[in-house]
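Dropping model_4.pdb in here (PDB, C-alpha atoms):
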```
MODEL        1
ATOM      1  CA  MET A   1     -61.953-208.728  -4.826
ATOM      2  CA  ARG A   2     -59.148-206.248  -5.409
ATOM      3  CA  ARG A   3     -56.678-209.025  -6.102
ATOM      4  CA  THR A   4     -58.928-210.465  -8.817
ATOM      5  CA  ALA A   5     -59.252-207.062 -10.486
ATOM      6  CA  LEU A   6     -55.489-206.665 -10.483
ATOM      7  CA  ALA A   7     -55.019-210.149 -11.899
ATOM      8  CA  ILE A   8     -57.502-209.406 -14.689
ATOM      9  CA  ALA A   9     -55.755-206.102 -15.469
ATOM     10  CA  PHE A  10     -52.414-207.899 -15.578
ATOM     11  CA  VAL A  11     -53.690-210.633 -17.886
ATOM     12  CA  SER A  12     -55.223-207.975 -20.169
ATOM     13  CA  MET A  13     -51.871-206.190 -20.369
ATOM     14  CA  LEU A  14     -50.260-209.408 -21.537
ATOM     15  CA  GLY A  15     -52.626-209.496 -24.476
ATOM     16  CA  VAL A  16     -53.926-212.935 -23.538
ATOM     17  CA  PRO A  17     -57.111-213.648 -25.532
ATOM     18  CA  ALA A  18     -60.172-212.535 -23.582
ATOM     19  CA  PHE A  19     -62.286-215.632 -23.071
ATOM     20  CA  ALA A  20     -66.008-215.061 -22.627
ATOM     21  CA  GLN A  21     -67.046-214.160 -19.125
ATOM     22  CA  GLN A  22     -70.614-214.556 -17.964
ATOM     23  CA  ALA A  23     -70.690-210.777 -17.384
ATOM     24  CA  ASP A  24     -69.912-210.078 -21.072
ATOM     25  CA  ILE A  25     -72.785-212.289 -22.166
ATOM     26  CA  GLU A  26     -75.185-210.863 -19.593
ATOM     27  CA  ALA A  27     -74.378-207.342 -20.768
ATOM     28  CA  VAL A  28     -75.386-208.229 -24.339
ATOM     29  CA  ASN A  29     -78.518-209.962 -23.050
ATOM     30  CA  ALA A  30     -79.473-206.813 -21.106
ATOM     31  CA  LYS A  31     -79.080-204.802 -24.322
ATOM     32  CA  TRP A  32     -81.184-207.418 -26.172
ATOM     33  CA  ILE A  33     -84.022-206.994 -23.661
ATOM     34  CA  GLU A  34     -83.752-203.185 -23.783
ATOM     35  CA  LEU A  35     -83.940-203.118 -27.602
ATOM     36  CA  PHE A  36     -86.780-205.680 -27.736
ATOM     37  CA  ASN A  37     -88.823-203.683 -25.214
ATOM     38  CA  LYS A  38     -88.260-200.532 -27.304
ATOM     39  CA  GLY A  39     -89.471-202.343 -30.437
ATOM     40  CA  ASP A  40     -86.044-201.852 -32.072
ATOM     41  CA  PHE A  41     -85.839-205.195 -33.872
ATOM     42  CA  ALA A  42     -83.088-204.037 -36.249
ATOM     43  CA  GLY A  43     -81.148-203.264 -33.059
ATOM     44  CA  VAL A  44     -81.920-206.728 -31.677
ATOM     45  CA  ALA A  45     -80.784-208.304 -34.979
ATOM     46  CA  SER A  46     -77.516-206.335 -34.824
ATOM     47  CA  LEU A  47     -76.603-208.294 -31.684
ATOM     48  CA  TYR A  48     -76.449-211.458 -33.844
ATOM     49  CA  THR A  49     -73.638-212.392 -36.230
ATOM     50  CA  GLU A  50     -74.434-211.634 -39.873
ATOM     51  CA  ASP A  51     -74.929-215.325 -40.651
ATOM     52  CA  ALA A  52     -76.605-216.260 -37.349
ATOM     53  CA  THR A  53     -79.386-218.836 -37.160
ATOM     54  CA  ALA A  54     -82.400-218.625 -34.830
ATOM     55  CA  PHE A  55     -84.737-221.596 -34.252
ATOM     56  CA  PRO A  56     -88.258-220.419 -33.337
ATOM     57  CA  PRO A  57     -90.442-223.313 -32.105
ATOM     58  CA  GLY A  58     -93.123-224.277 -34.638
ATOM     59  CA  SER A  59     -91.519-222.281 -37.483
ATOM     60  CA  PRO A  60     -88.619-222.689 -39.903
ATOM     61  CA  MET A  61     -85.120-221.489 -38.986
ATOM     62  CA  ALA A  62     -84.435-217.781 -39.407
ATOM     63  CA  LYS A  63     -81.034-217.269 -41.054
ATOM     64  CA  GLY A  64     -79.245-213.937 -41.166
ATOM     65  CA  ARG A  65     -80.047-210.597 -39.571
ATOM     66  CA  ALA A  66     -82.960-209.647 -41.856
ATOM     67  CA  ALA A  67     -84.788-212.927 -41.128
ATOM     68  CA  ILE A  68     -84.014-212.649 -37.404
ATOM     69  CA  GLU A  69     -85.297-209.059 -37.294
ATOM     70  CA  ALA A  70     -88.548-210.150 -39.006
ATOM     71  CA  MET A  71     -88.891-213.115 -36.636
ATOM     72  CA  TRP A  72     -88.626-211.033 -33.452
ATOM     73  CA  LYS A  73     -90.902-208.343 -34.892
ATOM     74  CA  LYS A  74     -93.580-210.994 -35.548
ATOM     75  CA  MET A  75     -92.964-212.586 -32.131
ATOM     76  CA  ALA A  76     -93.463-209.199 -30.436
ATOM     77  CA  GLU A  77     -97.004-209.072 -31.846
ATOM     78  CA  GLN A  78     -97.786-212.137 -29.712
ATOM     79  CA  VAL A  79     -95.614-211.822 -26.611
ATOM     80  CA  SER A  80     -94.098-209.172 -24.370
ATOM     81  CA  ASP A  81     -91.944-208.637 -21.321
ATOM     82  CA  PRO A  82     -89.182-211.156 -22.058
ATOM     83  CA  LYS A  83     -86.945-212.090 -19.124
ATOM     84  CA  ILE A  84     -83.698-213.995 -19.519
ATOM     85  CA  THR A  85     -81.666-215.742 -16.816
ATOM     86  CA  THR A  86     -78.190-216.933 -17.741
ATOM     87  CA  LEU A  87     -77.433-220.151 -15.862
ATOM     88  CA  ASP A  88     -74.062-221.098 -17.298
ATOM     89  CA  VAL A  89     -71.537-219.726 -19.790
ATOM     90  CA  LYS A  90     -68.815-222.061 -21.015
ATOM     91  CA  SER A  91     -65.930-220.775 -23.058
ATOM     92  CA  LEU A  92     -65.190-222.942 -26.113
ATOM     93  CA  GLY A  93     -62.025-221.071 -27.054
ATOM     94  CA  PRO A  94     -60.915-217.429 -27.277
ATOM     95  CA  SER A  95     -63.716-216.469 -29.658
ATOM     96  CA  ALA A  96     -66.611-218.828 -28.945
ATOM     97  CA  ALA A  97     -68.786-219.742 -25.993
ATOM     98  CA  ARG A  98     -72.049-221.466 -25.254
ATOM     99  CA  GLU A  99     -74.676-220.136 -22.875
ATOM    100  CA  ILE A 100     -77.444-222.086 -21.145
ATOM    101  CA  GLY A 101     -80.342-220.204 -19.575
ATOM    102  CA  THR A 102     -84.043-219.922 -18.900
ATOM    103  CA  PHE A 103     -86.593-217.382 -20.081
ATOM    104  CA  SER A 104     -90.131-216.215 -19.520
ATOM    105  CA  LEU A 105     -92.539-214.225 -21.684
ATOM    106  CA  LYS A 106     -96.080-212.966 -21.348
ATOM    107  CA  THR A 107     -98.638-213.645 -24.075
ATOM    108  CA  LYS A 108    -100.622-210.647 -25.304
ATOM    109  CA  GLY A 109    -104.420-210.537 -25.593
ATOM    110  CA  ALA A 110    -107.484-210.800 -23.387
ATOM    111  CA  SER A 111    -106.150-213.445 -20.986
ATOM    112  CA  PRO A 112    -102.368-213.156 -20.860
ATOM    113  CA  ARG A 113    -100.379-216.195 -19.742
ATOM    114  CA  GLU A 114     -96.771-216.580 -18.740
ATOM    115  CA  LEU A 115     -94.714-218.898 -20.940
ATOM    116  CA  SER A 116     -91.361-220.160 -19.778
ATOM    117  CA  GLY A 117     -88.604-222.299 -21.130
ATOM    118  CA  LYS A 118     -84.918-222.861 -21.575
ATOM    119  CA  TYR A 119     -82.406-221.924 -24.244
ATOM    120  CA  LEU A 120     -78.980-222.571 -25.717
ATOM    121  CA  VAL A 121     -76.980-219.838 -27.441
ATOM    122  CA  VAL A 122     -73.680-220.211 -29.293
ATOM    123  CA  TRP A 123     -71.754-216.930 -29.036
ATOM    124  CA  GLU A 124     -68.952-215.789 -31.328
ATOM    125  CA  LYS A 125     -66.593-212.895 -30.789
ATOM    126  CA  ILE A 126     -66.519-210.592 -33.826
ATOM    127  CA  GLY A 127     -63.866-207.927 -33.355
ATOM    128  CA  SER A 128     -64.346-206.912 -29.716
ATOM    129  CA  ASP A 129     -68.060-207.784 -29.549
ATOM    130  CA  TRP A 130     -69.716-210.992 -28.438
ATOM    131  CA  LYS A 131     -72.578-211.780 -30.856
ATOM    132  CA  LEU A 132     -75.287-214.457 -30.841
ATOM    133  CA  ALA A 133     -74.443-216.929 -33.620
ATOM    134  CA  ALA A 134     -77.105-219.585 -32.935
ATOM    135  CA  ASP A 135     -80.146-219.080 -30.705
ATOM    136  CA  ILE A 136     -82.611-221.874 -29.906
ATOM    137  CA  TRP A 137     -85.206-222.383 -27.186
ATOM    138  CA  ASN A 138     -88.150-224.561 -26.214
ATOM    139  CA  ASP A 139     -90.811-224.696 -23.512
ATOM    140  CA  GLY A 140     -90.549-226.363 -20.132
ATOM    141  CA  LYS A 141     -88.003-225.569 -17.460
TER     142      LYS A 141
ATOM    143  CA  MET B 142     -59.805-237.220 -54.364
ATOM    144  CA  ARG B 143     -56.442-238.870 -53.895
ATOM    145  CA  ARG B 144     -54.716-235.526 -53.492
ATOM    146  CA  THR B 145     -57.074-234.560 -50.652
ATOM    147  CA  ALA B 146     -56.413-237.850 -48.869
ATOM    148  CA  LEU B 147     -52.683-237.273 -49.156
ATOM    149  CA  ALA B 148     -53.022-233.714 -47.888
ATOM    150  CA  ILE B 149     -55.039-234.905 -44.895
ATOM    151  CA  ALA B 150     -52.485-237.621 -44.133
ATOM    152  CA  PHE B 151     -49.712-235.027 -44.310
ATOM    153  CA  VAL B 152     -51.507-232.584 -42.011
ATOM    154  CA  SER B 153     -52.174-235.440 -39.558
ATOM    155  CA  MET B 154     -48.479-236.277 -39.523
ATOM    156  CA  LEU B 155     -47.673-232.701 -38.562
ATOM    157  CA  GLY B 156     -49.856-233.096 -35.483
ATOM    158  CA  VAL B 157     -52.024-230.113 -36.395
ATOM    159  CA  PRO B 158     -55.176-230.151 -34.226
ATOM    160  CA  ALA B 159     -57.968-231.995 -36.012
ATOM    161  CA  PHE B 160     -60.845-229.548 -36.345
ATOM    162  CA  ALA B 161     -64.301-231.097 -36.533
ATOM    163  CA  GLN B 162     -65.309-232.284 -39.956
ATOM    164  CA  GLN B 163     -68.935-232.891 -40.843
ATOM    165  CA  ALA B 164     -68.015-236.550 -41.471
ATOM    166  CA  ASP B 165     -66.798-236.953 -37.845
ATOM    167  CA  ILE B 166     -70.077-235.609 -36.520
ATOM    168  CA  GLU B 167     -72.191-237.656 -38.921
ATOM    169  CA  ALA B 168     -70.359-240.819 -37.856
ATOM    170  CA  VAL B 169     -71.314-240.204 -34.201
ATOM    171  CA  ASN B 170     -74.883-239.402 -35.248
ATOM    172  CA  ALA B 171     -75.085-242.705 -37.142
ATOM    173  CA  LYS B 172     -73.909-244.487 -33.978
ATOM    174  CA  TRP B 173     -76.518-242.524 -31.947
ATOM    175  CA  ILE B 174     -79.311-243.770 -34.252
ATOM    176  CA  GLU B 175     -78.010-247.344 -34.199
ATOM    177  CA  LEU B 176     -77.892-247.402 -30.369
ATOM    178  CA  PHE B 177     -81.295-245.715 -30.008
ATOM    179  CA  ASN B 178     -82.907-248.240 -32.385
ATOM    180  CA  LYS B 179     -81.358-251.092 -30.369
ATOM    181  CA  GLY B 180     -82.774-249.627 -27.146
ATOM    182  CA  ASP B 181     -79.233-249.153 -25.772
ATOM    183  CA  PHE B 182     -79.806-245.865 -23.948
ATOM    184  CA  ALA B 183     -76.670-246.202 -21.806
ATOM    185  CA  GLY B 184     -74.846-246.435 -25.128
ATOM    186  CA  VAL B 185     -76.634-243.338 -26.414
ATOM    187  CA  ALA B 186     -75.722-241.475 -23.198
ATOM    188  CA  SER B 187     -72.065-242.488 -23.611
ATOM    189  CA  LEU B 188     -71.959-240.389 -26.804
ATOM    190  CA  TYR B 189     -72.504-237.278 -24.617
ATOM    191  CA  THR B 190     -69.885-235.587 -22.437
ATOM    192  CA  GLU B 191     -70.158-236.497 -18.744
ATOM    193  CA  ASP B 192     -71.600-233.073 -17.911
ATOM    194  CA  ALA B 193     -73.705-232.656 -21.081
ATOM    195  CA  THR B 194     -77.094-230.952 -21.021
ATOM    196  CA  ALA B 195     -80.098-231.999 -23.114
ATOM    197  CA  PHE B 196     -83.187-229.789 -23.490
ATOM    198  CA  PRO B 197     -86.327-231.876 -24.150
ATOM    199  CA  PRO B 198     -89.293-229.697 -25.180
ATOM    200  CA  GLY B 199     -91.920-229.474 -22.446
ATOM    201  CA  SER B 200     -89.643-230.922 -19.740
ATOM    202  CA  PRO B 201     -86.781-229.734 -17.550
ATOM    203  CA  MET B 202     -83.170-229.936 -18.752
ATOM    204  CA  ALA B 203     -81.477-233.312 -18.406
ATOM    205  CA  LYS B 204     -77.956-232.873 -17.033
ATOM    206  CA  GLY B 205     -75.319-235.569 -17.104
ATOM    207  CA  ARG B 206     -75.289-239.036 -18.645
ATOM    208  CA  ALA B 207     -77.660-240.718 -16.157
ATOM    209  CA  ALA B 208     -80.358-238.070 -16.717
ATOM    210  CA  ILE B 209     -79.817-238.159 -20.503
ATOM    211  CA  GLU B 210     -80.079-241.961 -20.536
ATOM    212  CA  ALA B 211     -83.375-241.779 -18.577
ATOM    213  CA  MET B 212     -84.681-239.035 -20.893
ATOM    214  CA  TRP B 213     -84.107-241.006 -24.108
ATOM    215  CA  LYS B 214     -85.444-244.205 -22.517
ATOM    216  CA  LYS B 215     -88.673-242.377 -21.643
ATOM    217  CA  MET B 216     -88.785-240.710 -25.077
ATOM    218  CA  ALA B 217     -88.475-244.121 -26.784
ATOM    219  CA  GLU B 218     -91.728-245.194 -25.103
ATOM    220  CA  GLN B 219     -93.471-242.484 -27.130
ATOM    221  CA  VAL B 220     -91.530-242.215 -30.394
ATOM    222  CA  SER B 221     -89.519-244.392 -32.762
ATOM    223  CA  ASP B 222     -87.520-244.351 -35.974
ATOM    224  CA  PRO B 223     -85.520-241.160 -35.423
ATOM    225  CA  LYS B 224     -83.836-239.699 -38.505
ATOM    226  CA  ILE B 225     -81.210-236.961 -38.334
ATOM    227  CA  THR B 226     -79.938-234.766 -41.169
ATOM    228  CA  THR B 227     -76.861-232.657 -40.507
ATOM    229  CA  LEU B 228     -77.151-229.369 -42.396
ATOM    230  CA  ASP B 229     -74.068-227.515 -41.195
ATOM    231  CA  VAL B 230     -71.088-228.126 -38.919
ATOM    232  CA  LYS B 231     -69.019-225.123 -37.866
ATOM    233  CA  SER B 232     -65.747-225.555 -36.065
ATOM    234  CA  LEU B 233     -65.408-223.242 -33.040
ATOM    235  CA  GLY B 234     -61.780-224.157 -32.369
ATOM    236  CA  PRO B 235     -59.717-227.360 -32.257
ATOM    237  CA  SER B 236     -61.962-229.024 -29.670
ATOM    238  CA  ALA B 237     -65.442-227.553 -30.142
ATOM    239  CA  ALA B 238     -68.007-227.290 -32.926
ATOM    240  CA  ARG B 239     -71.656-226.560 -33.397
ATOM    241  CA  GLU B 240     -73.992-228.574 -35.595
ATOM    242  CA  ILE B 241     -77.296-227.465 -37.105
ATOM    243  CA  GLY B 242     -79.690-230.073 -38.473
ATOM    244  CA  THR B 243     -83.206-231.352 -38.869
ATOM    245  CA  PHE B 244     -84.868-234.495 -37.519
ATOM    246  CA  SER B 245     -87.991-236.582 -37.848
ATOM    247  CA  LEU B 246     -89.602-239.117 -35.511
ATOM    248  CA  LYS B 247     -92.687-241.326 -35.582
ATOM    249  CA  THR B 248     -95.103-241.335 -32.672
ATOM    250  CA  LYS B 249     -96.104-244.740 -31.317
ATOM    251  CA  GLY B 250     -99.689-245.870 -30.727
ATOM    252  CA  ALA B 251    -102.867-246.486 -32.680
ATOM    253  CA  SER B 252    -102.497-243.607 -35.160
ATOM    254  CA  PRO B 253     -98.795-242.864 -35.593
ATOM    255  CA  ARG B 254     -97.808-239.420 -36.813
ATOM    256  CA  GLU B 255     -94.545-238.063 -38.099
ATOM    257  CA  LEU B 256     -93.016-235.251 -36.045
ATOM    258  CA  SER B 257     -90.233-233.124 -37.448
ATOM    259  CA  GLY B 258     -88.075-230.288 -36.301
ATOM    260  CA  LYS B 259     -84.641-228.749 -36.098
ATOM    261  CA  TYR B 260     -81.783-228.941 -33.639
ATOM    262  CA  LEU B 261     -78.571-227.366 -32.429
ATOM    263  CA  VAL B 262     -75.772-229.430 -30.878
ATOM    264  CA  VAL B 263     -72.581-228.152 -29.271
ATOM    265  CA  TRP B 264     -69.863-230.778 -29.707
ATOM    266  CA  GLU B 265     -66.682-231.088 -27.633
ATOM    267  CA  LYS B 266     -63.673-233.238 -28.375
ATOM    268  CA  ILE B 267     -62.758-235.403 -25.378
ATOM    269  CA  GLY B 268     -59.508-237.230 -26.078
ATOM    270  CA  SER B 269     -59.964-238.383 -29.670
ATOM    271  CA  ASP B 270     -63.768-238.573 -29.555
ATOM    272  CA  TRP B 271     -66.338-235.950 -30.501
ATOM    273  CA  LYS B 272     -69.108-235.942 -27.872
ATOM    274  CA  LEU B 273     -72.437-234.104 -27.661
ATOM    275  CA  ALA B 274     -72.096-231.468 -24.922
ATOM    276  CA  ALA B 275     -75.416-229.643 -25.394
ATOM    277  CA  ASP B 276     -78.364-230.999 -27.395
ATOM    278  CA  ILE B 277     -81.550-228.990 -27.989
ATOM    279  CA  TRP B 278     -84.370-229.245 -30.488
ATOM    280  CA  ASN B 279     -87.869-227.960 -31.208
ATOM    281  CA  ASP B 280     -90.665-228.574 -33.698
ATOM    282  CA  GLY B 281     -91.107-226.906 -37.094
ATOM    283  CA  LYS B 282     -88.656-227.015 -39.934
TER     284      LYS B 282
ENDMDL
END
```

Go ahead and express the file in the form of structure tokens.
Amino acid sequence: MRRTALAIAFVSMLGVPAFAQQADIEAVNAKWIELFNKGDFAGVASLYTEDATAFPPGSPMAKGRAAIEAMWKKMAEQVSDPKITTLDVKSLGPSAAREIGTFSLKTKGASPRELSGKYLVVWEKIGSDWKLAADIWNDGK
Amino acid sequence: MRRTALAIAFVSMLGVPAFAQQADIEAVNAKWIELFNKGDFAGVASLYTEDATAFPPGSPMAKGRAAIEAMWKKMAEQVSDPKITTLDVKSLGPSAAREIGTFSLKTKGASPRELSGKYLVVWEKIGSDWKLAADIWNDGK
């Protein structure tokens, strides 16, 4: 797709706002998984906006990076091996997008089970970085 | 707040894009509740964009108005008396916003219980109407 690459380069040169591409979002998600698997929950939290909200099922909302870091740290005591599949990214303007996807996790303990579900993320562009601004999921997919 | 009303009227006259106000969103939510309580699920579905996605816990995504109508119709066999509280509306541009809120429902049957939780909605402005474009919730608040 040489022509596409040239078109993208041309548009970039014009300084047209860079709307969210699925590849941008997937790159951050890959980093999210890498940091989670390393146990770097401060790193995971840094992928969220400073005032982001996460909505863990069965628990209150987690607001802000410190609460989100604590939430994922606690979650990692119960589950491992998260997988994320982005199904659709829709740009909502030059600095916002929404992502729909599915996930799976494995429970820890004597008889591990696979849990799966679906999620919605609102992304915001802060400087040149796409950050998770709202992150909610539930079971069933 | 006479001065505010005048300022809003003036801005409207200038044709500045009308960013989502919490009052706009709450008005649609009030309509949603009214239609749900009447059992008008086609009416409820009409408050969503044509390609909206809803994410019922424990079930697959419902995509598009027909699927969303069927989902709420089925849900109404199990629950009643939905209440919605908008906590925060953030504009994501002239034609998109995200809403964070909490809800409660009553289960039907011999020993009704109250269920409560939290939700995230992505709103899109279609013509002059704000419509739900993505609607997801889970338990715990």

How would you write, as a compact mmCIF listing (two decimals) with C-alpha atoms, in the frame of the given file, the residues chosen by the PyMOL selection byres ((chain A) within 12 of (chain B)) on this structure?
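selection.txt written:
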```
# COMPACT_ATOMS: atom_id res chain seq x y z
CA ASP A 51 -74.93 -215.32 -40.65
CA ALA A 52 -76.60 -216.26 -37.35
CA THR A 53 -79.39 -218.84 -37.16
CA ALA A 54 -82.40 -218.62 -34.83
CA PHE A 55 -84.74 -221.60 -34.25
CA PRO A 56 -88.26 -220.42 -33.34
CA PRO A 57 -90.44 -223.31 -32.10
CA GLY A 58 -93.12 -224.28 -34.64
CA SER A 59 -91.52 -222.28 -37.48
CA PRO A 60 -88.62 -222.69 -39.90
CA MET A 61 -85.12 -221.49 -38.99
CA ALA A 62 -84.44 -217.78 -39.41
CA LYS A 63 -81.03 -217.27 -41.05
CA LEU A 87 -77.43 -220.15 -15.86
CA ASP A 88 -74.06 -221.10 -17.30
CA LYS A 90 -68.82 -222.06 -21.02
CA SER A 91 -65.93 -220.78 -23.06
CA LEU A 92 -65.19 -222.94 -26.11
CA GLY A 93 -62.02 -221.07 -27.05
CA PRO A 94 -60.92 -217.43 -27.28
CA SER A 95 -63.72 -216.47 -29.66
CA ALA A 96 -66.61 -218.83 -28.94
CA ALA A 97 -68.79 -219.74 -25.99
CA ARG A 98 -72.05 -221.47 -25.25
CA GLU A 99 -74.68 -220.14 -22.88
CA ILE A 100 -77.44 -222.09 -21.14
CA GLY A 101 -80.34 -220.20 -19.58
CA THR A 102 -84.04 -219.92 -18.90
CA LEU A 115 -94.71 -218.90 -20.94
CA SER A 116 -91.36 -220.16 -19.78
CA GLY A 117 -88.60 -222.30 -21.13
CA LYS A 118 -84.92 -222.86 -21.58
CA TYR A 119 -82.41 -221.92 -24.24
CA LEU A 120 -78.98 -222.57 -25.72
CA VAL A 121 -76.98 -219.84 -27.44
CA VAL A 122 -73.68 -220.21 -29.29
CA TRP A 123 -71.75 -216.93 -29.04
CA GLU A 124 -68.95 -215.79 -31.33
CA LYS A 125 -66.59 -212.90 -30.79
CA ALA A 133 -74.44 -216.93 -33.62
CA ALA A 134 -77.10 -219.58 -32.94
CA ASP A 135 -80.15 -219.08 -30.70
CA ILE A 136 -82.61 -221.87 -29.91
CA TRP A 137 -85.21 -222.38 -27.19
CA ASN A 138 -88.15 -224.56 -26.21
CA ASP A 139 -90.81 -224.70 -23.51
CA GLY A 140 -90.55 -226.36 -20.13
CA LYS A 141 -88.00 -225.57 -17.46
```

Quiz item: Can you list, as an MDAnalysis selection string, the residues that the PyMOL selection byres ((chain A and resi 44) around 10) selects here?
Solution: chainID A and resid 28:29 31:43 45:48 65 68:69 72:73

Quiz item: Which of these residues is nearest to Ala171 (chain B), using all atoms listed in the file: B:Thr227, B:Ser245, B:Ser252, B:Ser269?
Solution: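 Checking each candidate against Ala171 (chain B), we get B:Thr227 as the closest.
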
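Of the residues under consideration (B:Met212, B:Glu167, B:Gly205, B:Gly268), B:Glu167 shows the shortest atom-to-atom contact distance to Lys224 (chain B) when counting all atoms listed in the file.
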
Give the padded box for region 61-71 of chain A as JSON: axis-aligned, covering all atoms listed in the file, 6 Å on each side, centre and edge lengths in Å to one decimal.
```
{"center_x": -84.1, "center_y": -215.3, "center_z": -39.2, "size_x": 21.6, "size_y": 24.4, "size_z": 17.2}
```

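Picture a line from CA of Lys131 (chain A) to CA of Gln22 (chain A); it runs 13.3 Å.
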